[in-house]
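Peer 1: Input file: entry.csv. Contents: CSV, C-alpha atoms.
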```csv
chain,number,residue,atom,x,y,z
X,475,MET,CA,-1.7,-15.4,18.2
X,476,LYS,CA,-2.2,-12.8,15.5
X,477,LYS,CA,-3.1,-14.1,12.1
X,478,PRO,CA,-1.8,-12.1,9.1
X,479,ILE,CA,-4.3,-9.6,7.8
X,480,PHE,CA,-3.4,-11.0,4.4
X,481,THR,CA,-0.7,-12.9,2.7
X,482,GLY,CA,0.2,-12.1,-0.9
X,483,SER,CA,-0.5,-8.9,-2.9
X,484,GLY,CA,-2.4,-6.0,-1.4
X,485,VAL,CA,-3.1,-3.4,-4.1
X,486,ALA,CA,-2.5,0.2,-3.0
X,487,ILE,CA,-5.4,1.1,-5.2
X,488,VAL,CA,-5.6,4.5,-7.0
X,489,THR,CA,-8.5,6.8,-6.4
X,490,PRO,CA,-10.1,7.5,-9.8
X,491,PHE,CA,-11.3,11.1,-10.3
X,492,HIS,CA,-13.8,12.6,-12.6
X,493,GLY,CA,-12.9,16.3,-12.6
X,494,GLN,CA,-12.6,17.1,-8.9
X,495,LYS,CA,-14.8,14.3,-7.6
X,496,VAL,CA,-14.2,10.7,-6.8
X,497,ASN,CA,-15.4,8.5,-9.7
X,498,PHE,CA,-17.1,5.8,-7.6
X,499,GLU,CA,-18.4,3.9,-10.6
X,500,LYS,CA,-14.8,3.5,-11.9
X,501,LEU,CA,-13.6,2.6,-8.4
X,502,GLY,CA,-16.1,-0.2,-8.2
X,503,GLU,CA,-15.0,-1.5,-11.5
X,504,LEU,CA,-11.3,-1.4,-10.5
X,505,ILE,CA,-12.1,-3.2,-7.2
X,506,ASP,CA,-14.0,-6.0,-8.9
X,507,TRP,CA,-11.3,-6.4,-11.5
X,508,GLN,CA,-8.6,-6.6,-8.8
X,509,ILE,CA,-10.4,-9.3,-7.0
X,510,GLU,CA,-11.0,-11.3,-10.2
X,511,GLN,CA,-7.3,-11.1,-11.0
X,512,LYS,CA,-6.3,-12.7,-7.6
X,513,THR,CA,-5.4,-9.6,-5.6
X,514,ASP,CA,-5.4,-10.6,-1.9
X,515,CYS,CA,-6.3,-7.3,-0.2
X,516,ILE,CA,-7.6,-3.9,-1.1
X,517,VAL,CA,-5.7,-1.0,0.5
X,518,ILE,CA,-7.8,2.1,0.1
X,519,CYS,CA,-6.9,5.7,0.6
X,520,GLY,CA,-3.2,5.2,1.0
X,521,THR,CA,-0.4,7.3,-0.6
X,522,THR,CA,-1.3,5.9,-4.1
X,523,GLY,CA,-4.9,6.7,-3.4
X,524,GLU,CA,-4.0,10.4,-2.9
X,525,ALA,CA,-5.5,10.5,0.6
X,526,SER,CA,-3.4,13.5,1.5
X,527,THR,CA,-5.6,15.6,-0.8
X,528,MET,CA,-8.9,14.2,0.4
X,529,PRO,CA,-11.0,16.0,3.0
X,530,ASP,CA,-12.2,13.8,5.8
X,531,PHE,CA,-15.8,13.4,4.5
X,532,GLU,CA,-14.5,12.3,1.1
X,533,HIS,CA,-11.8,10.1,2.6
X,534,LEU,CA,-14.3,8.2,4.7
X,535,GLU,CA,-16.9,8.0,1.9
X,536,THR,CA,-14.3,6.3,-0.2
X,537,ILE,CA,-13.4,3.8,2.5
X,538,SER,CA,-17.1,3.0,3.0
X,539,PHE,CA,-17.6,2.5,-0.7
X,540,ALA,CA,-14.7,0.2,-0.9
X,541,VAL,CA,-15.8,-1.9,2.0
X,542,ASN,CA,-19.3,-2.2,0.5
X,543,GLN,CA,-18.0,-3.0,-2.9
X,544,VAL,CA,-15.5,-5.7,-1.7
X,545,ALA,CA,-18.3,-7.2,0.4
X,546,GLY,CA,-16.0,-9.5,2.4
X,547,ARG,CA,-14.3,-11.1,-0.6
X,548,VAL,CA,-10.9,-10.0,0.6
X,549,PRO,CA,-9.7,-7.8,3.5
X,550,VAL,CA,-9.9,-4.1,3.2
X,551,VAL,CA,-7.2,-2.0,4.8
X,552,ALA,CA,-7.9,1.7,5.2
X,553,GLY,CA,-5.3,4.3,5.1
X,554,THR,CA,-6.0,6.5,8.2
X,555,GLY,CA,-2.5,7.8,9.1
X,556,SER,CA,-1.8,11.4,10.1
X,557,ASN,CA,1.0,13.5,11.7
X,558,ASP,CA,-1.7,14.5,14.2
X,559,THR,CA,-2.2,11.5,16.5
X,560,HIS,CA,-5.7,12.5,17.6
X,561,HIS,CA,-6.7,13.0,14.0
X,562,ALA,CA,-5.4,9.6,13.1
X,563,VAL,CA,-7.6,8.1,15.9
X,564,ARG,CA,-10.7,9.9,14.7
X,565,LEU,CA,-10.2,8.7,11.1
X,566,SER,CA,-9.4,5.2,12.2
X,567,LEU,CA,-12.5,5.0,14.4
X,568,GLU,CA,-14.6,6.1,11.5
X,569,ALA,CA,-13.0,3.6,9.2
X,570,LYS,CA,-13.7,0.9,11.8
X,571,ALA,CA,-17.3,2.0,12.0
X,572,HIS,CA,-17.5,1.7,8.2
X,573,GLY,CA,-16.3,-1.9,8.3
X,574,ALA,CA,-12.6,-1.7,7.4
X,575,ASP,CA,-10.8,-4.9,8.4
X,576,ALA,CA,-7.6,-3.1,9.4
X,577,ILE,CA,-5.9,0.3,9.2
X,578,LEU,CA,-2.6,1.5,7.6
X,579,SER,CA,-0.9,4.2,9.6
X,580,VAL,CA,2.1,6.1,8.4
X,581,THR,CA,4.9,7.5,10.6
X,582,PRO,CA,4.3,11.1,11.4
X,583,TYR,CA,5.6,13.4,8.6
X,584,TYR,CA,6.7,17.1,8.7
X,585,ASN,CA,6.6,17.6,12.4
X,586,LYS,CA,8.2,14.1,12.8
X,587,THR,CA,9.1,12.9,16.3
X,588,THR,CA,11.6,10.8,18.2
X,589,GLN,CA,11.7,7.0,18.4
X,590,GLU,CA,10.0,7.2,21.8
X,591,GLY,CA,7.4,9.5,20.2
X,592,LEU,CA,6.7,6.8,17.5
X,593,VAL,CA,6.1,4.3,20.3
X,594,ARG,CA,3.6,6.6,22.0
X,595,HIS,CA,2.0,7.7,18.7
X,596,PHE,CA,1.2,4.2,17.4
X,597,SER,CA,0.4,2.8,20.8
X,598,TYR,CA,-2.1,5.6,21.4
X,599,ILE,CA,-3.8,4.9,18.1
X,600,ALA,CA,-3.9,1.2,18.7
X,601,ASP,CA,-5.2,1.6,22.3
X,602,HIS,CA,-8.0,3.8,21.3
X,603,VAL,CA,-9.1,2.2,18.0
X,604,GLU,CA,-8.8,-1.5,18.8
X,605,LEU,CA,-8.6,-2.6,15.2
X,606,PRO,CA,-5.6,-4.4,13.6
X,607,MET,CA,-3.0,-2.0,12.4
X,608,ILE,CA,-0.3,-2.1,9.8
X,609,MET,CA,2.3,0.6,10.5
X,610,TYR,CA,4.0,2.2,7.4
X,611,ASN,CA,7.6,3.2,7.4
X,612,VAL,CA,8.5,5.2,4.3
X,613,PRO,CA,11.5,7.5,5.1
X,614,SER,CA,11.7,8.9,1.5
X,615,ARG,CA,8.4,10.6,2.1
X,616,THR,CA,8.4,11.4,5.8
X,617,ASN,CA,12.2,12.0,6.4
X,618,LEU,CA,11.8,9.8,9.4
X,619,ASN,CA,12.9,6.2,9.8
X,620,MET,CA,11.4,3.9,12.4
X,621,ASN,CA,14.3,1.9,13.8
X,622,PRO,CA,14.1,-1.9,14.2
X,623,ASP,CA,14.2,-1.6,18.0
X,624,THR,CA,11.1,0.7,17.8
X,625,VAL,CA,9.3,-1.7,15.5
X,626,CYS,CA,9.9,-4.6,17.8
X,627,ARG,CA,8.7,-2.7,20.9
X,628,LEU,CA,5.4,-1.9,19.0
X,629,ALA,CA,5.1,-5.4,17.6
X,630,THR,CA,4.1,-6.8,20.9
X,631,HIS,CA,0.9,-4.7,21.0
X,632,GLU,CA,-2.2,-6.8,20.6
X,633,TYR,CA,-3.6,-4.6,17.8
X,634,ILE,CA,-0.4,-3.8,15.9
X,635,TYR,CA,-0.2,-6.7,13.4
X,636,GLY,CA,2.4,-5.7,10.9
X,637,LEU,CA,4.6,-3.2,9.1
X,638,LYS,CA,4.8,-1.9,5.5
X,639,GLU,CA,8.5,-1.4,5.2
X,640,CYS,CA,10.3,0.6,2.5
X,641,ASN,CA,13.8,0.4,4.2
X,642,ILE,CA,14.9,-3.1,3.2
X,643,SER,CA,18.3,-2.7,4.9
X,644,GLN,CA,16.6,-3.2,8.3
X,645,VAL,CA,14.1,-5.9,7.5
X,646,GLY,CA,16.4,-8.7,8.7
X,647,ASP,CA,16.8,-7.1,12.1
X,648,ILE,CA,13.0,-6.6,12.3
X,649,ILE,CA,12.0,-10.1,11.4
X,650,SER,CA,14.7,-11.7,13.5
X,651,ASN,CA,13.7,-9.8,16.7
X,652,CYS,CA,9.9,-9.3,16.4
X,653,PRO,CA,7.4,-11.9,17.5
X,654,GLU,CA,6.7,-14.6,14.9
X,655,ASP,CA,3.1,-13.5,14.5
X,656,PHE,CA,4.2,-10.0,13.4
X,657,SER,CA,3.8,-9.5,9.6
X,658,VAL,CA,6.2,-7.5,7.4
X,659,TYR,CA,5.1,-6.4,3.9
X,660,SER,CA,7.3,-4.9,1.2
X,661,GLY,CA,6.6,-1.3,0.4
X,662,GLU,CA,8.8,-1.6,-2.8
X,663,ASP,CA,7.5,-3.4,-5.9
X,664,GLY,CA,11.1,-4.1,-7.0
X,665,LEU,CA,12.0,-5.8,-3.8
X,666,VAL,CA,9.1,-8.2,-3.2
X,667,LEU,CA,11.2,-11.4,-3.6
X,668,PRO,CA,14.1,-10.2,-1.4
X,669,MET,CA,11.6,-9.3,1.3
X,670,LEU,CA,9.9,-12.7,1.1
X,671,SER,CA,13.2,-14.4,1.3
X,672,MET,CA,13.8,-12.8,4.7
X,673,GLY,CA,10.4,-13.7,6.0
X,674,GLY,CA,8.0,-11.2,4.6
X,675,LYS,CA,4.3,-12.0,4.1
X,676,GLY,CA,3.8,-10.1,0.8
X,677,VAL,CA,3.6,-6.6,-0.7
X,678,ILE,CA,1.4,-3.5,-0.6
X,679,SER,CA,1.8,-2.7,-4.2
X,680,VAL,CA,1.5,0.1,-6.7
X,681,MET,CA,2.3,-2.1,-9.7
X,682,ALA,CA,-0.6,-4.3,-8.8
X,683,ASN,CA,-2.9,-1.6,-10.2
X,684,ILE,CA,-1.9,-2.7,-13.7
X,685,LEU,CA,-0.4,-6.2,-13.1
X,686,PRO,CA,-2.6,-7.7,-10.3
X,687,THR,CA,-2.2,-11.3,-11.3
X,688,GLU,CA,1.6,-11.1,-11.8
X,689,THR,CA,2.0,-9.3,-8.4
X,690,HIS,CA,0.0,-12.0,-6.7
X,691,GLU,CA,1.9,-14.7,-8.4
X,692,ILE,CA,5.3,-13.4,-7.3
X,693,VAL,CA,4.2,-14.1,-3.8
X,694,ALA,CA,2.2,-17.2,-4.4
X,695,LYS,CA,5.0,-18.9,-6.3
X,696,PHE,CA,7.4,-18.2,-3.6
X,697,PHE,CA,5.2,-19.8,-0.9
X,698,ALA,CA,4.6,-22.7,-3.2
X,699,ASP,CA,8.4,-23.3,-3.3
X,700,ASP,CA,8.6,-22.2,-6.9
X,701,ILE,CA,11.4,-19.8,-6.2
X,702,LEU,CA,12.7,-19.7,-9.8
X,703,GLY,CA,9.2,-18.9,-11.0
X,704,SER,CA,8.9,-16.1,-8.4
X,705,ARG,CA,12.3,-14.7,-9.4
X,706,ALA,CA,11.5,-14.8,-13.1
X,707,LEU,CA,8.4,-12.7,-12.5
X,708,GLN,CA,10.2,-10.3,-10.3
X,709,LEU,CA,12.9,-9.7,-12.8
X,710,LYS,CA,10.4,-9.4,-15.7
X,711,VAL,CA,8.7,-6.4,-14.1
X,712,LEU,CA,11.8,-4.5,-12.8
X,713,ALA,CA,12.1,-2.2,-15.8
X,714,LEU,CA,8.4,-1.4,-15.5
X,715,VAL,CA,8.8,-0.7,-11.8
X,716,ASN,CA,11.6,1.7,-12.5
X,717,ALA,CA,9.3,3.5,-14.9
X,718,LEU,CA,6.5,3.6,-12.4
X,719,PHE,CA,8.7,5.4,-10.0
X,720,CYS,CA,10.7,7.6,-12.3
X,721,GLU,CA,8.5,10.5,-11.1
X,722,THR,CA,6.5,11.0,-7.9
X,723,SER,CA,4.0,8.2,-7.4
X,724,PRO,CA,1.1,8.0,-8.2
X,725,ILE,CA,1.7,10.2,-11.2
X,726,PRO,CA,3.2,7.4,-13.4
X,727,ILE,CA,0.7,4.6,-12.3
X,728,LYS,CA,-2.3,6.8,-13.2
X,729,GLU,CA,-0.6,7.7,-16.6
X,730,ALA,CA,-0.1,4.0,-17.2
X,731,MET,CA,-3.7,3.1,-16.3
X,732,ASN,CA,-5.0,5.9,-18.6
X,733,GLN,CA,-2.8,4.7,-21.4
X,734,MET,CA,-4.3,1.2,-20.9
X,735,GLY,CA,-7.8,2.6,-21.2
X,736,LEU,CA,-8.7,2.3,-17.5
X,737,ASP,CA,-9.7,6.0,-17.4
X,738,VAL,CA,-8.8,6.9,-13.8
X,739,GLY,CA,-8.4,10.6,-14.4
X,740,ALA,CA,-5.6,12.9,-13.4
X,741,CYS,CA,-3.9,13.4,-10.1
X,742,ARG,CA,-4.9,16.2,-7.9
X,743,LEU,CA,-2.7,19.2,-7.4
X,744,PRO,CA,0.1,19.6,-6.3
X,745,LEU,CA,0.7,16.4,-8.4
X,746,ILE,CA,0.7,17.1,-12.1
X,747,GLU,CA,1.0,15.2,-15.4
X,748,MET,CA,4.2,13.3,-16.3
X,749,SER,CA,7.0,14.9,-18.2
X,750,GLU,CA,7.6,13.9,-21.8
X,751,LYS,CA,10.8,12.1,-20.8
X,752,GLY,CA,9.0,10.1,-18.1
X,753,ARG,CA,6.0,9.4,-20.3
X,754,SER,CA,8.3,8.0,-23.0
X,755,GLN,CA,10.1,5.7,-20.6
X,756,LEU,CA,6.8,4.5,-19.2
X,757,THR,CA,5.1,4.0,-22.6
X,758,ALA,CA,8.1,1.9,-23.8
X,759,GLU,CA,7.9,-0.4,-20.8
X,760,LEU,CA,4.1,-0.8,-21.1
X,761,LYS,CA,4.7,-1.8,-24.8
X,762,ASN,CA,7.5,-4.2,-23.8
X,763,LEU,CA,5.1,-6.1,-21.5
X,764,GLY,CA,2.2,-6.0,-24.0
X,765,LEU,CA,0.0,-3.9,-21.8
X,766,ILE,CA,-0.6,-1.4,-24.7
X,767,GLN,CA,0.0,-1.6,-28.4
```
As structure tokens, what does this structure read like?
Peer 2:
Amino acid sequence: MKKPIFTGSGVAIVTPFHGQKVNFEKLGELIDWQIEQKTDCIVICGTTGEASTMPDFEHLETISFAVNQVAGRVPVVAGTGSNDTHHAVRLSLEAKAHGADAILSVTPYYNKTTQEGLVRHFSYIADHVELPMIMYNVPSRTNLNMNPDTVCRLATHEYIYGLKECNISQVGDIISNCPEDFSVYSGEDGLVLPMLSMGGKGVISVMANILPTETHEIVAKFFADDILGSRALQLKVLALVNALFCETSPIPIKEAMNQMGLDVGACRLPLIEMSEKGRSQLTAELKNLGLIQ
């Protein structure tokens, strides 16, 4: 029986930069603050962490730092996905050696593959790494959807524990047909409650970078049978969520954090600063929630 890697809110934590280098002092502060504010899991070097612009040595150094900083207080899930299956294995084995509790592995992008190719890709990684894996289905970024039947075939693997799903239209089929010990997490901050209502275990969240307690509480209230309380929180943040994704993430979340004085630096190219229109929308929602003056 597989136990969930976590239940609740896993923050897809940003990687703070100082110039062109990772700002490890700031990353340590952010990790400690997240745990103090009830975040249930640290997801390091994912999409929000700009892992796609991090060379392997820096990627692994950041994972190692996060594991050491967390020091067992909550699980650490390391983003180690790649469109090169063997590269994903190498990164995952290194993350395992550095003490990560689990890996997050995205569907192959750019070269893509077939549904059978997805089964072989994820099975190969799981077979060779032997560490709990959360698969990541995000068609808007990869132009590749992992079908429910494919997910259910993979869900029986002893090391494939769950799925971060951004295509909510297929969540019902996945949860209905996968083993009960397979965990599904929302990949969309605006759809946490709907995902929970169909059997999800929580969220891997961008919003949690600035609202860690509230993101945790959306899930905690649901599981405490306070459905109205969970719904109220979900509805309260919807306008902010729209602003956080009005331009390519993590551009808006880093802008929000910098406006709040968290000083996480800029995104790396090819990501750039927000447009004036996007910044105005985001600033207004931050003010509406009292996150800035």
Peer 1: Between X:Met734, X:Leu567, X:Leu637, X:Cys626, which residue has the minimum interatomic distance to X:His602, considering only C-alpha atoms?
Peer 2: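 With only C-alpha atoms as the atom set, the closest residue is X:Leu567.
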Peer 1: Within 12 Å of stretch 714-731 of chain X, which residues of stretch 604-677 of chain X show up? Give each one with its shortest atom-to-atom distance in Å (one decimal) and the two atoms involved, counting all atoms listed in the file, rows by chain then rising residue number, as CSV.
Peer 2:
```
residue,atom,partner,partner_atom,distance
X:Ser614,CA,X:Thr722,CA,10.9
X:Arg615,CA,X:Thr722,CA,10.2
X:Glu662,CA,X:Val715,CA,9.0
X:Asp663,CA,X:Val715,CA,6.6
X:Gly664,CA,X:Val715,CA,6.3
X:Leu665,CA,X:Val715,CA,10.0
X:Val666,CA,X:Val715,CA,11.4
```
Peer 1: I need every residue sitting at most 9 Å from the point (0.1, -16.5, 15.2) (coordinates as in the file, all atoms listed in the file considered), written as a list in words.
Peer 2: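 It turns out the residues near that spot are Met475, Lys476, Lys477, Pro478, Pro653, Glu654, Asp655 and Phe656 of chain X.
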Peer 1: Using all atoms listed in the file, can you tell me which of X:Leu743, X:Met607, X:Val738, X:Val580 comes closest to X:Ile684?
Peer 2: X:Val738
Peer 1: Can you tell me how far atom CA of X:Lys751 sits from atom CA of X:Ile766, in Å to one decimal?
Peer 2: 18.1 Å
Peer 1: Once N, CA and C atoms are restored for stretch 593-627 of chain X, what would the output be as a tab-separated table (two decimals), in the frame of the given file?
Peer 2:
```tsv
chain	number	residue	atom	x	y	z
X	593	VAL	N	6.70	5.29	19.39
X	593	VAL	CA	6.10	4.30	20.30
X	593	VAL	C	4.78	4.80	20.85
X	594	ARG	N	4.81	6.01	21.34
X	594	ARG	CA	3.60	6.60	22.00
X	594	ARG	C	2.52	6.86	20.93
X	595	HIS	N	2.93	7.36	19.76
X	595	HIS	CA	2.00	7.70	18.70
X	595	HIS	C	1.20	6.42	18.27
X	596	PHE	N	1.91	5.37	17.88
X	596	PHE	CA	1.20	4.20	17.40
X	596	PHE	C	0.51	3.44	18.52
X	597	SER	N	1.07	3.45	19.71
X	597	SER	CA	0.40	2.80	20.80
X	597	SER	C	-0.91	3.50	21.17
X	598	TYR	N	-0.89	4.83	21.13
X	598	TYR	CA	-2.10	5.60	21.40
X	598	TYR	C	-3.20	5.29	20.43
X	599	ILE	N	-2.83	5.25	19.14
X	599	ILE	CA	-3.80	4.90	18.10
X	599	ILE	C	-4.39	3.52	18.35
X	600	ALA	N	-3.48	2.56	18.53
X	600	ALA	CA	-3.90	1.20	18.70
X	600	ALA	C	-4.79	1.01	19.95
X	601	ASP	N	-4.42	1.65	21.04
X	601	ASP	CA	-5.20	1.60	22.30
X	601	ASP	C	-6.60	2.09	22.12
X	602	HIS	N	-6.75	3.17	21.36
X	602	HIS	CA	-8.00	3.80	21.30
X	602	HIS	C	-8.93	3.32	20.14
X	603	VAL	N	-8.33	2.66	19.14
X	603	VAL	CA	-9.10	2.20	18.00
X	603	VAL	C	-9.48	0.71	18.12
X	604	GLU	N	-8.56	-0.08	18.63
X	604	GLU	CA	-8.80	-1.50	18.80
X	604	GLU	C	-9.19	-2.21	17.52
X	605	LEU	N	-8.40	-1.96	16.49
X	605	LEU	CA	-8.60	-2.60	15.20
X	605	LEU	C	-7.17	-2.95	14.70
X	606	PRO	N	-6.99	-4.10	14.04
X	606	PRO	CA	-5.60	-4.40	13.60
X	606	PRO	C	-5.02	-3.31	12.74
X	607	MET	N	-3.75	-3.05	13.04
X	607	MET	CA	-3.00	-2.00	12.40
X	607	MET	C	-1.78	-2.50	11.68
X	608	ILE	N	-1.54	-1.97	10.49
X	608	ILE	CA	-0.30	-2.10	9.80
X	608	ILE	C	0.42	-0.76	9.85
X	609	MET	N	1.59	-0.69	10.46
X	609	MET	CA	2.30	0.60	10.50
X	609	MET	C	3.03	0.70	9.09
X	610	TYR	N	3.38	1.94	8.75
X	610	TYR	CA	4.00	2.20	7.40
X	610	TYR	C	5.21	3.06	7.62
X	611	ASN	N	6.36	2.47	7.27
X	611	ASN	CA	7.60	3.20	7.40
X	611	ASN	C	8.14	3.52	5.98
X	612	VAL	N	8.11	4.80	5.63
X	612	VAL	CA	8.50	5.20	4.30
X	612	VAL	C	9.37	6.49	4.42
X	613	PRO	N	10.64	6.32	4.81
X	613	PRO	CA	11.50	7.50	5.10
X	613	PRO	C	11.64	8.46	3.92
X	614	SER	N	11.54	7.97	2.67
X	614	SER	CA	11.70	8.90	1.50
X	614	SER	C	10.61	9.93	1.47
X	615	ARG	N	9.46	9.66	2.06
X	615	ARG	CA	8.40	10.60	2.10
X	615	ARG	C	8.25	11.40	3.39
X	616	THR	N	8.63	10.77	4.48
X	616	THR	CA	8.40	11.40	5.80
X	616	THR	C	9.69	12.00	6.37
X	617	ASN	N	10.86	11.63	5.81
X	617	ASN	CA	12.20	12.00	6.40
X	617	ASN	C	12.30	11.57	7.81
X	618	LEU	N	11.70	10.42	8.10
X	618	LEU	CA	11.80	9.80	9.40
X	618	LEU	C	11.78	8.33	9.30
X	619	ASN	N	12.80	7.70	9.85
X	619	ASN	CA	12.90	6.20	9.80
X	619	ASN	C	12.50	5.66	11.17
X	620	MET	N	11.68	4.62	11.14
X	620	MET	CA	11.40	3.90	12.40
X	620	MET	C	12.37	2.78	12.53
X	621	ASN	N	13.17	2.86	13.56
X	621	ASN	CA	14.30	1.90	13.80
X	621	ASN	C	13.75	0.53	14.15
X	622	PRO	N	14.54	-0.51	13.85
X	622	PRO	CA	14.10	-1.90	14.20
X	622	PRO	C	13.73	-2.06	15.65
X	623	ASP	N	14.49	-1.48	16.57
X	623	ASP	CA	14.20	-1.60	18.00
X	623	ASP	C	12.78	-1.04	18.29
X	624	THR	N	12.46	0.06	17.65
X	624	THR	CA	11.10	0.70	17.80
X	624	THR	C	10.04	-0.19	17.31
X	625	VAL	N	10.26	-0.74	16.11
X	625	VAL	CA	9.30	-1.70	15.50
X	625	VAL	C	9.02	-2.83	16.47
X	626	CYS	N	10.09	-3.39	17.01
X	626	CYS	CA	9.90	-4.60	17.80
X	626	CYS	C	9.23	-4.28	19.16
X	627	ARG	N	9.43	-3.08	19.69
X	627	ARG	CA	8.70	-2.70	20.90
X	627	ARG	C	7.17	-2.64	20.57
```
